[in-house]
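K.L.:
Data: target.txt, compact mmCIF, C-alpha atoms.
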```
# COMPACT_ATOMS: atom_id res chain seq x y z
CA MET A 1 82.12 99.66 142.24
CA LYS A 2 82.21 97.13 139.44
CA LYS A 3 85.67 96.39 138.14
CA LEU A 4 86.87 94.58 135.01
CA LYS A 5 89.38 91.83 135.67
CA ALA A 6 91.40 89.74 133.18
CA GLU A 7 90.82 86.69 135.33
CA PHE A 8 91.51 84.03 132.69
CA LYS A 9 94.22 85.72 130.64
CA LYS A 10 95.75 82.35 129.80
CA ASN A 11 92.73 81.88 127.49
CA CYS A 12 93.63 84.99 125.44
CA ILE A 13 94.12 84.40 121.70
CA GLY A 14 95.19 87.99 120.92
CA CYS A 15 92.22 88.94 118.75
CA GLU A 16 92.01 92.37 120.42
CA LEU A 17 88.22 92.45 120.12
CA CYS A 18 88.23 93.78 123.71
CA VAL A 19 90.58 96.62 122.76
CA MET A 20 88.37 97.62 119.87
CA GLU A 21 85.20 97.38 121.97
CA ALA A 22 86.68 99.75 124.54
CA GLN A 23 87.80 102.12 121.81
CA ARG A 24 84.39 102.00 120.11
CA GLN A 25 82.78 103.03 123.37
CA LEU A 26 85.20 105.97 123.43
CA GLY A 27 84.13 106.89 119.90
CA LYS A 28 87.23 105.83 118.01
CA VAL A 29 88.84 103.03 116.04
CA GLY A 30 92.53 102.37 116.63
CA LEU A 31 94.95 101.36 119.37
CA GLU A 32 96.22 104.68 120.72
CA ASP A 33 95.21 105.59 124.27
CA SER A 34 93.15 102.46 124.69
CA PRO A 35 92.33 101.55 128.32
CA ILE A 36 92.97 97.92 127.34
CA ARG A 37 96.30 96.89 125.86
CA VAL A 38 97.29 93.42 124.77
CA PHE A 39 101.01 92.60 124.68
CA LYS A 40 102.29 89.46 123.07
CA LYS A 41 105.39 87.50 123.94
CA LYS A 42 107.03 84.60 122.19
CA ASN A 43 106.92 81.42 124.24
CA LYS A 44 108.51 78.37 122.58
CA ASP A 45 106.50 77.89 119.37
CA THR A 46 103.46 79.96 120.33
CA LEU A 47 102.55 83.36 121.79
CA VAL A 48 101.39 84.28 125.26
CA TYR A 49 99.45 87.44 125.94
CA GLU A 50 99.60 90.00 128.71
CA ILE A 51 96.53 92.15 129.20
CA ASN A 52 96.93 95.58 130.79
CA LEU A 53 93.81 97.29 132.09
CA ASP A 54 93.83 100.99 132.83
CA PRO A 55 91.45 101.78 135.72
CA SER A 56 89.58 104.17 133.40
CA VAL A 57 88.17 101.12 131.63
CA ASN A 58 85.75 100.72 134.53
CA LYS A 59 83.93 103.88 133.45
CA LEU A 60 82.90 102.06 130.26
CA ASN A 61 80.22 99.44 129.72
CA ILE A 62 82.45 96.61 130.95
CA GLN A 63 79.75 93.98 130.52
CA LYS A 64 80.02 94.55 126.74
CA ILE A 65 83.78 93.97 126.99
CA VAL A 66 83.19 90.73 128.90
CA ASN A 67 80.64 89.63 126.31
CA ILE A 68 82.72 90.32 123.23
CA CYS A 69 85.65 88.13 124.31
CA PRO A 70 85.31 84.79 122.47
CA VAL A 71 87.43 82.91 125.02
CA LEU A 72 86.01 84.27 128.30
CA VAL A 73 89.12 86.07 129.54
CA PHE A 74 87.26 88.69 131.58
CA SER A 75 85.14 88.75 134.67
CA ILE A 76 83.56 91.56 136.66
CA GLU A 77 84.24 91.85 140.32
CA GLU A 78 82.56 94.05 142.88
CA GLU A 79 85.16 96.15 144.62
CA LYS A 80 84.33 97.23 148.17
CA GLU A 81 84.72 100.90 149.08
CA GLU A 82 87.82 101.49 151.23
CA ASN A 83 85.83 102.75 154.23
CA GLU A 84 83.09 100.13 153.93
CA LEU A 85 82.48 98.16 157.13
CA THR A 86 82.86 94.42 156.87
CA ASP A 87 81.45 91.66 159.04
CA MET B 88 87.47 109.27 104.48
CA SER B 89 87.84 109.72 100.76
CA SER B 90 86.90 106.82 98.54
CA ARG B 91 89.48 107.98 96.05
CA THR B 92 92.71 108.97 97.73
CA ARG B 93 95.14 106.23 98.75
CA LYS B 94 98.21 107.05 100.81
CA ILE B 95 101.35 105.06 100.06
CA LEU B 96 104.67 104.88 101.86
CA ILE B 97 107.51 104.30 99.42
CA VAL B 98 110.76 102.94 100.85
CA ASP B 99 113.94 103.15 98.78
CA LEU B 100 116.48 100.66 100.14
CA ASN B 101 119.18 101.76 97.70
CA ASN B 102 119.36 105.22 99.26
CA ASN B 103 117.85 104.68 102.74
CA LYS B 104 115.06 107.12 101.93
CA SER B 105 111.31 107.10 102.23
CA ASP B 106 108.44 109.23 101.03
CA VAL B 107 104.66 109.30 101.44
CA LYS B 108 102.49 110.06 98.44
CA SER B 109 98.73 110.32 98.01
CA TYR B 110 97.11 109.10 94.81
CA GLU B 111 93.53 110.11 94.14
CA GLU B 112 93.35 107.96 91.03
CA TYR B 113 94.00 104.76 93.04
CA GLY B 114 90.67 104.82 94.86
CA LYS B 115 88.90 102.70 92.29
CA TYR B 116 91.33 99.85 92.98
CA ILE B 117 89.87 99.59 96.52
CA GLY B 118 92.87 98.03 98.33
CA GLY B 119 94.69 94.74 98.83
CA ILE B 120 95.36 92.86 95.62
CA GLY B 121 93.60 95.54 93.53
CA LEU B 122 95.72 98.39 94.87
CA ASN B 123 98.91 96.30 94.86
CA ALA B 124 98.41 95.27 91.23
CA LYS B 125 97.91 98.89 90.19
CA ILE B 126 101.00 100.04 92.14
CA LEU B 127 103.26 97.37 90.65
CA ASN B 128 102.03 98.07 87.13
CA ASP B 129 102.61 101.79 87.50
CA LEU B 130 106.07 101.48 89.03
CA LYS B 131 107.30 99.27 86.18
CA ARG B 132 110.18 97.94 88.31
CA SER B 133 110.98 94.31 88.97
CA ASP B 134 112.48 94.86 92.44
CA VAL B 135 109.32 95.96 94.25
CA VAL B 136 107.31 94.37 97.03
CA SER B 137 104.06 95.99 98.08
CA PHE B 138 102.08 95.37 101.27
CA SER B 139 98.53 96.66 101.06
CA VAL B 140 95.43 96.72 103.22
CA GLY B 141 91.85 97.50 102.26
CA PRO B 142 89.27 100.00 103.51
CA LEU B 143 87.68 97.58 106.01
CA ASN B 144 90.86 96.33 107.73
CA GLY B 145 90.90 97.38 111.38
CA PHE B 146 87.22 98.33 111.27
CA PHE B 147 85.33 95.06 110.77
CA PRO B 148 85.73 91.53 112.15
CA CYS B 149 87.57 88.87 110.16
CA VAL B 150 89.01 91.47 107.78
CA SER B 151 92.43 90.61 109.04
CA LYS B 152 94.82 89.92 106.18
CA THR B 153 97.50 91.92 104.39
CA SER B 154 97.99 91.53 100.65
CA VAL B 155 101.60 91.14 99.52
CA LEU B 156 102.47 91.33 95.83
CA PHE B 157 105.84 91.05 94.10
CA LYS B 158 107.56 89.36 91.19
CA SER B 159 109.93 86.50 91.72
CA ASN B 160 111.83 84.92 88.82
CA GLY B 161 109.44 86.66 86.44
CA GLU B 162 106.35 85.24 88.13
CA VAL B 163 103.78 87.29 90.04
CA GLU B 164 103.63 86.19 93.68
CA ASN B 165 100.40 86.99 95.48
CA LEU B 166 100.25 86.23 99.23
CA TYR B 167 98.04 87.11 102.19
CA LEU B 168 99.50 87.39 105.67
CA GLY B 169 97.55 87.17 108.92
CA GLY B 170 98.32 88.20 112.52
CA THR B 171 98.09 91.83 113.54
CA LEU B 172 99.90 93.27 110.51
CA SER B 173 96.85 94.59 108.62
CA SER B 174 95.53 96.51 111.63
CA ARG B 175 98.94 98.03 112.31
CA ILE B 176 99.29 99.21 108.71
CA LYS B 177 95.74 100.59 108.82
CA PHE B 178 96.45 102.49 112.03
CA THR B 179 99.49 104.15 110.45
CA GLY B 180 96.98 105.87 108.18
CA LEU B 181 98.64 104.29 105.14
CA ASP B 182 96.98 102.08 102.53
CA ALA B 183 100.16 100.47 101.24
CA ILE B 184 103.86 100.16 101.97
CA VAL B 185 106.02 99.78 98.89
CA ILE B 186 109.66 98.73 99.20
CA PHE B 187 112.14 98.70 96.33
CA GLY B 188 115.87 98.28 95.83
CA VAL B 189 118.44 96.35 97.86
CA ALA B 190 119.98 97.48 101.15
CA GLU B 191 123.75 97.76 101.20
CA GLU B 192 123.93 95.88 104.51
CA SER B 193 121.42 93.90 106.55
CA VAL B 194 118.73 96.31 107.70
CA SER B 195 115.67 96.41 109.95
CA LEU B 196 112.96 98.84 108.92
CA GLU B 197 111.20 100.52 111.81
CA ILE B 198 108.04 102.18 110.53
CA ILE B 199 106.07 104.33 112.97
CA ASP B 200 103.12 105.87 111.17
CA GLU B 201 104.72 107.59 108.17
CA GLU B 202 108.29 107.71 109.47
CA VAL B 203 110.89 105.08 108.54
CA SER B 204 114.15 104.37 110.39
CA PHE B 205 116.77 102.17 108.75
CA LYS B 206 118.48 100.24 111.55
CA THR B 207 121.58 98.24 110.78
CA ASN B 208 122.66 97.06 114.21
CA LEU B 209 119.92 95.86 116.54
CA THR B 210 121.82 95.53 119.78
CA LYS B 211 118.62 95.31 121.84
CA GLY B 212 116.91 92.73 119.65
CA LEU B 213 113.78 92.67 117.49
CA ASP B 214 111.43 93.58 120.30
CA SER B 215 113.16 96.94 120.68
CA LEU B 216 111.59 98.01 117.37
CA GLY B 217 108.40 100.05 117.31
CA LEU B 218 105.97 100.52 120.18
CA PRO B 219 104.87 97.49 122.20
CA GLY B 220 101.18 96.67 121.95
CA LYS B 221 100.87 98.69 118.74
CA ARG B 222 103.49 96.94 116.64
CA GLY B 223 103.32 94.31 113.94
CA LEU B 224 106.62 92.57 113.23
CA ILE B 225 107.86 90.72 110.16
CA SER B 226 111.13 88.93 110.82
CA ILE B 227 113.25 86.08 109.55
CA GLU B 228 113.91 83.72 112.44
CA ASN B 229 115.62 80.35 112.02
CA ASN B 230 115.36 80.84 108.28
CA THR B 231 111.54 81.16 108.44
CA LEU B 232 109.57 84.31 107.76
CA LEU B 233 107.41 85.04 110.80
CA LEU B 234 104.87 87.67 111.74
CA ASP B 235 104.78 88.60 115.39
CA HIS B 236 107.17 85.64 116.01
CA TYR B 237 104.38 83.15 115.21
CA PHE B 238 102.35 83.56 112.02
CA GLU B 239 103.92 82.36 108.76
CA ALA B 240 103.68 83.17 105.06
CA PRO B 241 102.00 80.58 102.83
CA SER B 242 105.20 80.10 100.79
CA GLU B 243 108.94 80.70 101.11
CA SER B 244 109.05 83.23 98.28
CA LEU B 245 108.57 86.30 100.50
CA ARG B 246 111.32 85.15 102.86
CA ASN B 247 113.64 84.70 99.86
CA LEU B 248 112.75 88.13 98.51
CA LEU B 249 113.42 89.89 101.83
CA LYS B 250 116.75 88.08 102.11
CA GLU B 251 117.67 89.23 98.59
CA LYS B 252 116.83 92.76 99.67
CA ASN B 253 118.95 92.41 102.81
CA ILE B 254 115.92 93.04 105.03
CA GLU B 255 116.22 91.41 108.43
CA SER B 256 112.93 92.63 109.83
CA ILE B 257 110.12 95.15 109.34
CA SER B 258 108.33 96.62 112.32
CA ILE B 259 105.13 98.58 111.70
CA THR B 260 103.53 100.66 114.44
CA GLY B 261 100.24 102.48 113.92
CA THR B 262 99.25 105.19 116.39
CA LYS B 263 96.39 106.85 114.49
CA THR B 264 92.76 106.65 115.57
CA PHE B 265 89.72 107.20 113.42
CA GLU B 266 86.25 108.48 114.12
CA VAL B 267 83.32 106.92 112.29
CA LYS B 268 80.71 109.57 111.63
CA LYS B 269 77.81 107.13 111.21
CA LYS B 270 78.57 105.67 114.64
CA GLU B 271 75.25 103.93 115.33
CA LYS B 272 75.00 102.34 111.90
CA TYR B 273 78.63 101.27 112.11
CA GLU B 274 78.16 99.58 115.47
CA GLU B 275 74.98 97.83 114.35
CA LEU B 276 76.73 96.48 111.26
CA TYR B 277 79.87 95.56 113.23
CA TYR B 278 77.99 93.45 115.82
CA ASN B 279 75.88 91.86 113.11
CA LEU B 280 78.98 90.79 111.17
CA LEU B 281 80.76 89.66 114.33
CA GLU B 282 77.85 87.32 115.06
CA LYS B 283 78.12 85.98 111.51
CA CYS B 284 81.85 85.47 111.97
CA LYS B 285 81.25 83.57 115.19
CA LYS B 286 78.90 81.22 113.35
CA LEU B 287 81.46 80.34 110.66
CA ASP B 288 82.45 76.71 110.65
CA PHE B 289 85.66 76.79 112.68
CA GLU B 290 87.21 74.41 115.06
CA GLN B 291 88.20 76.49 118.10
CA LEU B 292 91.82 75.56 118.74
CA GLY B 293 92.69 78.29 121.23
CA VAL B 294 95.81 79.21 119.26
CA PRO B 295 96.82 82.81 118.43
CA SER B 296 94.23 84.59 116.32
CA CYS B 297 94.44 87.30 113.70
CA PHE B 298 93.34 90.82 114.68
CA GLY B 299 89.57 91.17 114.97
CA CYS B 300 88.86 87.48 114.51
CA PRO B 301 87.09 85.54 117.30
CA HIS B 302 88.58 82.23 116.14
CA GLY B 303 92.06 81.02 116.99
CA CYS B 304 92.47 78.65 114.05
CA SER B 305 95.29 76.73 112.43
CA GLN B 306 94.65 78.45 109.08
CA ALA B 307 95.49 81.84 110.63
CA LYS B 308 99.08 80.75 111.16
CA LEU B 309 99.72 79.97 107.51
CA GLY B 310 98.04 82.88 105.68
CA ASP B 311 96.12 82.67 102.40
CA GLU B 312 96.95 82.40 98.72
CA GLU B 313 94.39 82.26 95.90
CA GLY B 314 90.77 83.36 96.26
CA ASP B 315 88.03 85.85 95.43
CA VAL B 316 89.23 89.21 94.09
CA LEU B 317 86.83 91.34 96.12
CA LEU B 318 87.64 89.40 99.30
CA HIS B 319 91.36 89.87 98.70
CA SER B 320 90.99 93.54 97.92
CA LEU B 321 89.27 94.22 101.23
CA VAL B 322 91.57 92.17 102.55
CA ALA B 323 89.40 89.64 104.45
CA CYS B 324 90.08 86.10 105.63
CA SER B 325 89.21 83.40 103.12
CA TYR B 326 87.19 81.63 105.82
CA ALA B 327 84.90 84.67 105.89
CA ASP B 328 84.24 84.58 102.15
CA ASP B 329 80.52 83.96 102.66
CA ILE B 330 80.35 87.35 104.34
CA TYR B 331 82.77 89.51 102.40
CA THR B 332 82.05 88.30 98.87
CA ASP B 333 78.46 89.49 99.25
CA VAL B 334 78.38 92.78 97.34
CA GLY B 335 75.46 94.12 99.41
CA THR B 336 77.31 93.55 102.69
CA VAL B 337 80.55 95.00 101.35
CA PHE B 338 78.69 98.01 99.96
CA SER B 339 77.09 98.63 103.39
CA CYS B 340 80.48 98.37 105.16
CA LEU B 341 82.12 100.78 102.75
CA ASP B 342 79.20 103.20 102.87
CA VAL B 343 79.11 103.35 106.66
CA LEU B 344 82.82 104.27 106.69
CA GLY B 345 82.23 107.02 104.13
CA TYR B 346 83.64 105.32 101.04
CA LYS B 347 81.40 106.33 98.16
CA TYR B 348 81.40 103.41 95.76
CA LYS B 349 78.53 102.33 93.53
CA HIS B 350 77.33 98.75 93.39
CA GLU B 351 78.53 98.69 89.79
CA ASP B 352 82.05 99.63 90.89
CA LEU B 353 82.19 96.52 93.06
CA GLU B 354 80.48 94.22 90.56
CA ASN B 355 82.86 95.16 87.74
CA PHE B 356 85.91 95.25 89.96
CA PRO B 357 87.21 91.66 89.54
CA ASN B 358 87.70 92.19 85.79
CA VAL B 359 89.72 95.35 86.43
CA VAL B 360 92.07 93.39 88.69
CA TYR B 361 92.34 90.39 86.35
CA ASP B 362 93.47 92.78 83.59
CA LEU B 363 96.08 94.36 85.87
CA ILE B 364 97.51 90.98 86.87
CA LYS B 365 97.58 89.90 83.23
CA GLU B 366 99.49 93.07 82.34
CA LEU B 367 101.86 92.51 85.24
CA ASN B 368 102.53 88.95 84.12
CA SER B 369 103.29 90.09 80.59
CA ASN B 370 105.75 92.80 81.73
CA GLU B 371 109.39 91.84 81.84
```
Produce structure tokens that represent the structure in this file.

P.N.:
Amino acid sequence: MKKLKAEFKKNCIGCELCVMEAQRQLGKVGLEDSPIRVFKKKNKDTLVYEINLDPSVNKLNIQKIVNICPVLVFSIEEEKEENELTD
Amino acid sequence: MSSRTRKILIVDLNNNKSDVKSYEEYGKYIGGIGLNAKILNDLKRSDVVSFSVGPLNGFFPCVSKTSVLFKSNGEVENLYLGGTLSSRIKFTGLDAIVIFGVAEESVSLEIIDEEVSFKTNLTKGLDSLGLPGKRGLISIENNTLLLDHYFEAPSESLRNLLKEKNIESISITGTKTFEVKKKEKYEELYYNLLEKCKKLDFEQLGVPSCFGCPHGCSQAKLGDEEGDVLLHSLVACSYADDIYTDVGTVFSCLDVLGYKYKHEDLENFPNVVYDLIKELNSNE
């Protein structure tokens, strides 16, 4: 299963284009019930961002979410099934 | 969405009361500076500050500012704030937030959609206001007016006004979502405009960005002042003026969201606003 990961969240500039992309795919515009949430925190004289991903985001077109981020926060990882045999 | 009705939250600091009113006749003033100028003229009070967004805020890229209009020492002050504020106001379902009067003691206004709480003792700090992730915050910290603890106003006049009104902070949380009926056309236009925004001449600084803007730029931190009337009625970023001063583009954006304006409405609009500002300047 392909899974969205906020691998480079230190890059985040808080534009929330990812949030709106996810919401567009769900047929709405707004922040409520978004599978992606961006929280900001004050850090000295700037802001740092925390990105929360609800697992339901992986049902969406996550490649479009990766592509819309202007600062390359996201990656897609292949998650192995729990009962999959490994070498 | 009606092109005519505008919903306004009116906050009375003198009596700790608030009310939401809808005005069908305000539709022709679009939003931002146009709507704010009409509101201030109609209220005929000198102790009013109005925060207004436009029909495209929250829906299109680089339409990320909030228009703020008030009078200070008899002069009209016209500012544009960045950060997440415009999207949060939009997602309350309101078009403008109007505040008048003076609070008896230092107060923080917690606005969640159309409800206002007047909080006089914030024991848990500013971040206890509103809902995290969906909140925009205006606060005075170290004698500076900040949005979301980072973005600033382009002048000190708004900070001074809020201090005069005894306002310590304003938190605005929007929990509404909207469905766009012309979904495919909306998405096509959105991605087209986002590509145009990406091509604007910005130096990528990697600093905090305004909502819906792919550029983290130094200008975002300081907000905007003067500029094109249509741009500031929408209320778009001045860096995106090549996009949002084009009447054809603006008409398409409004149409896809269901706002029924005519090209002539938009073309004649700047003169309507100039007259309102002139009237406002001449009022005592």

K.L.:
Please determine the contact residues of chain A with respect to chain B at a cut-off of 8 Å, counting all atoms listed in the file, and supply them as a PyMOL selection string.

P.N.:
chain A and resi 11-17+27-32+37-40+42+45-47+69-71

K.L.:
Taking (110.4, 106.9, 110.0) in the coordinates of the supplied file, I want to know which residues reach to within 12 Å of it, counting all atoms listed in the file; could you give the answer as a PDB file with C-alpha atoms, keeping the file's coordinate frame?

P.N.:
```
ATOM      1  CA  LEU B  96     104.670 104.880 101.860  1.00  0.00           C
ATOM      2  CA  ILE B  97     107.510 104.300  99.420  1.00  0.00           C
ATOM      3  CA  VAL B  98     110.760 102.940 100.850  1.00  0.00           C
ATOM      4  CA  ASN B 103     117.850 104.680 102.740  1.00  0.00           C
ATOM      5  CA  LYS B 104     115.060 107.120 101.930  1.00  0.00           C
ATOM      6  CA  SER B 105     111.310 107.100 102.230  1.00  0.00           C
ATOM      7  CA  ASP B 106     108.440 109.230 101.030  1.00  0.00           C
ATOM      8  CA  VAL B 107     104.660 109.300 101.440  1.00  0.00           C
ATOM      9  CA  THR B 179      99.490 104.150 110.450  1.00  0.00           C
ATOM     10  CA  SER B 195     115.670  96.410 109.950  1.00  0.00           C
ATOM     11  CA  LEU B 196     112.960  98.840 108.920  1.00  0.00           C
ATOM     12  CA  GLU B 197     111.200 100.520 111.810  1.00  0.00           C
ATOM     13  CA  ILE B 198     108.040 102.180 110.530  1.00  0.00           C
ATOM     14  CA  ILE B 199     106.070 104.330 112.970  1.00  0.00           C
ATOM     15  CA  ASP B 200     103.120 105.870 111.170  1.00  0.00           C
ATOM     16  CA  GLU B 201     104.720 107.590 108.170  1.00  0.00           C
ATOM     17  CA  GLU B 202     108.290 107.710 109.470  1.00  0.00           C
ATOM     18  CA  VAL B 203     110.890 105.080 108.540  1.00  0.00           C
ATOM     19  CA  SER B 204     114.150 104.370 110.390  1.00  0.00           C
ATOM     20  CA  PHE B 205     116.770 102.170 108.750  1.00  0.00           C
ATOM     21  CA  LYS B 206     118.480 100.240 111.550  1.00  0.00           C
ATOM     22  CA  LEU B 216     111.590  98.010 117.370  1.00  0.00           C
ATOM     23  CA  GLY B 217     108.400 100.050 117.310  1.00  0.00           C
ATOM     24  CA  ILE B 257     110.120  95.150 109.340  1.00  0.00           C
ATOM     25  CA  SER B 258     108.330  96.620 112.320  1.00  0.00           C
ATOM     26  CA  ILE B 259     105.130  98.580 111.700  1.00  0.00           C
ATOM     27  CA  THR B 260     103.530 100.660 114.440  1.00  0.00           C
ATOM     28  CA  GLY B 261     100.240 102.480 113.920  1.00  0.00           C
TER      29      GLY B 261
END
```

K.L.:
Mind checking which residues fall within 9 Å of B:Ser154, counting all atoms listed in the file, ignoring those fewer than 3 positions away in the same chain, and posting them as a count of residues only?

P.N.:
17

K.L.:
Provide the atom CA of B:Gly188 to atom CA of B:Glu112 distance in Å, to one decimal place.

P.N.:
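Straight-line distance from atom CA of B:Gly188 to atom CA of B:Glu112 works out to 25.0 Å.
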
K.L.:
Take atom CA of A:Lys5 and atom CA of A:Cys18 and report the distance between them in Å, one decimal.

P.N.:
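Distance reported for this atom pair: 12.2 Å.
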
K.L.:
In the coordinate frame of the file, compute which residues have an atom within 12 Å of (82.4, 94.0, 138.8) when using only C-alpha atoms, and state them as JSON, numbers by chain.

P.N.:
{"A": [1, 2, 3, 4, 5, 6, 7, 57, 58, 59, 60, 61, 62, 63, 65, 66, 74, 75, 76, 77, 78, 79, 80]}

K.L.:
Please indicate the distance in Å from atom CA of B:Glu354 to atom CA of B:Gly314, rounded to one decimal place.

P.N.:
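It comes out at 16.0 Å.
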
K.L.:
Counting all atoms listed in the file, figure out which residue out of A:Ser56, A:Asn67, A:Ser34, A:Asn43 gets nearest to A:Val19.

P.N.:
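Once distances to A:Val19 are computed over all atoms listed in the file, the minimum belongs to A:Ser34.
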
K.L.:
Calculated over all atoms listed in the file, which of the candidates A:Pro35, A:Lys41, A:Val73, A:Ile68 has the smallest distance to A:Pro55?

P.N.:
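Ranking A:Pro35, A:Lys41, A:Val73, A:Ile68 by distance to A:Pro55, first place goes to A:Pro35.
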
K.L.:
In terms of the shortest atom-to-atom distance over all atoms listed in the file, which of A:Lys64, A:Glu21, A:Lys9, A:Asp33 is closest to A:Val48?

P.N.:
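The shortest atom-to-atom distance to A:Val48 comes from A:Lys9.
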
K.L.:
Given the choices B:Leu276, B:Asp182, B:Leu249, B:Lys269, which gets closest to B:Gly345 if the distance is worked out from only C-alpha atoms?

P.N.:
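Closest to B:Gly345, using only C-alpha atoms: B:Lys269.
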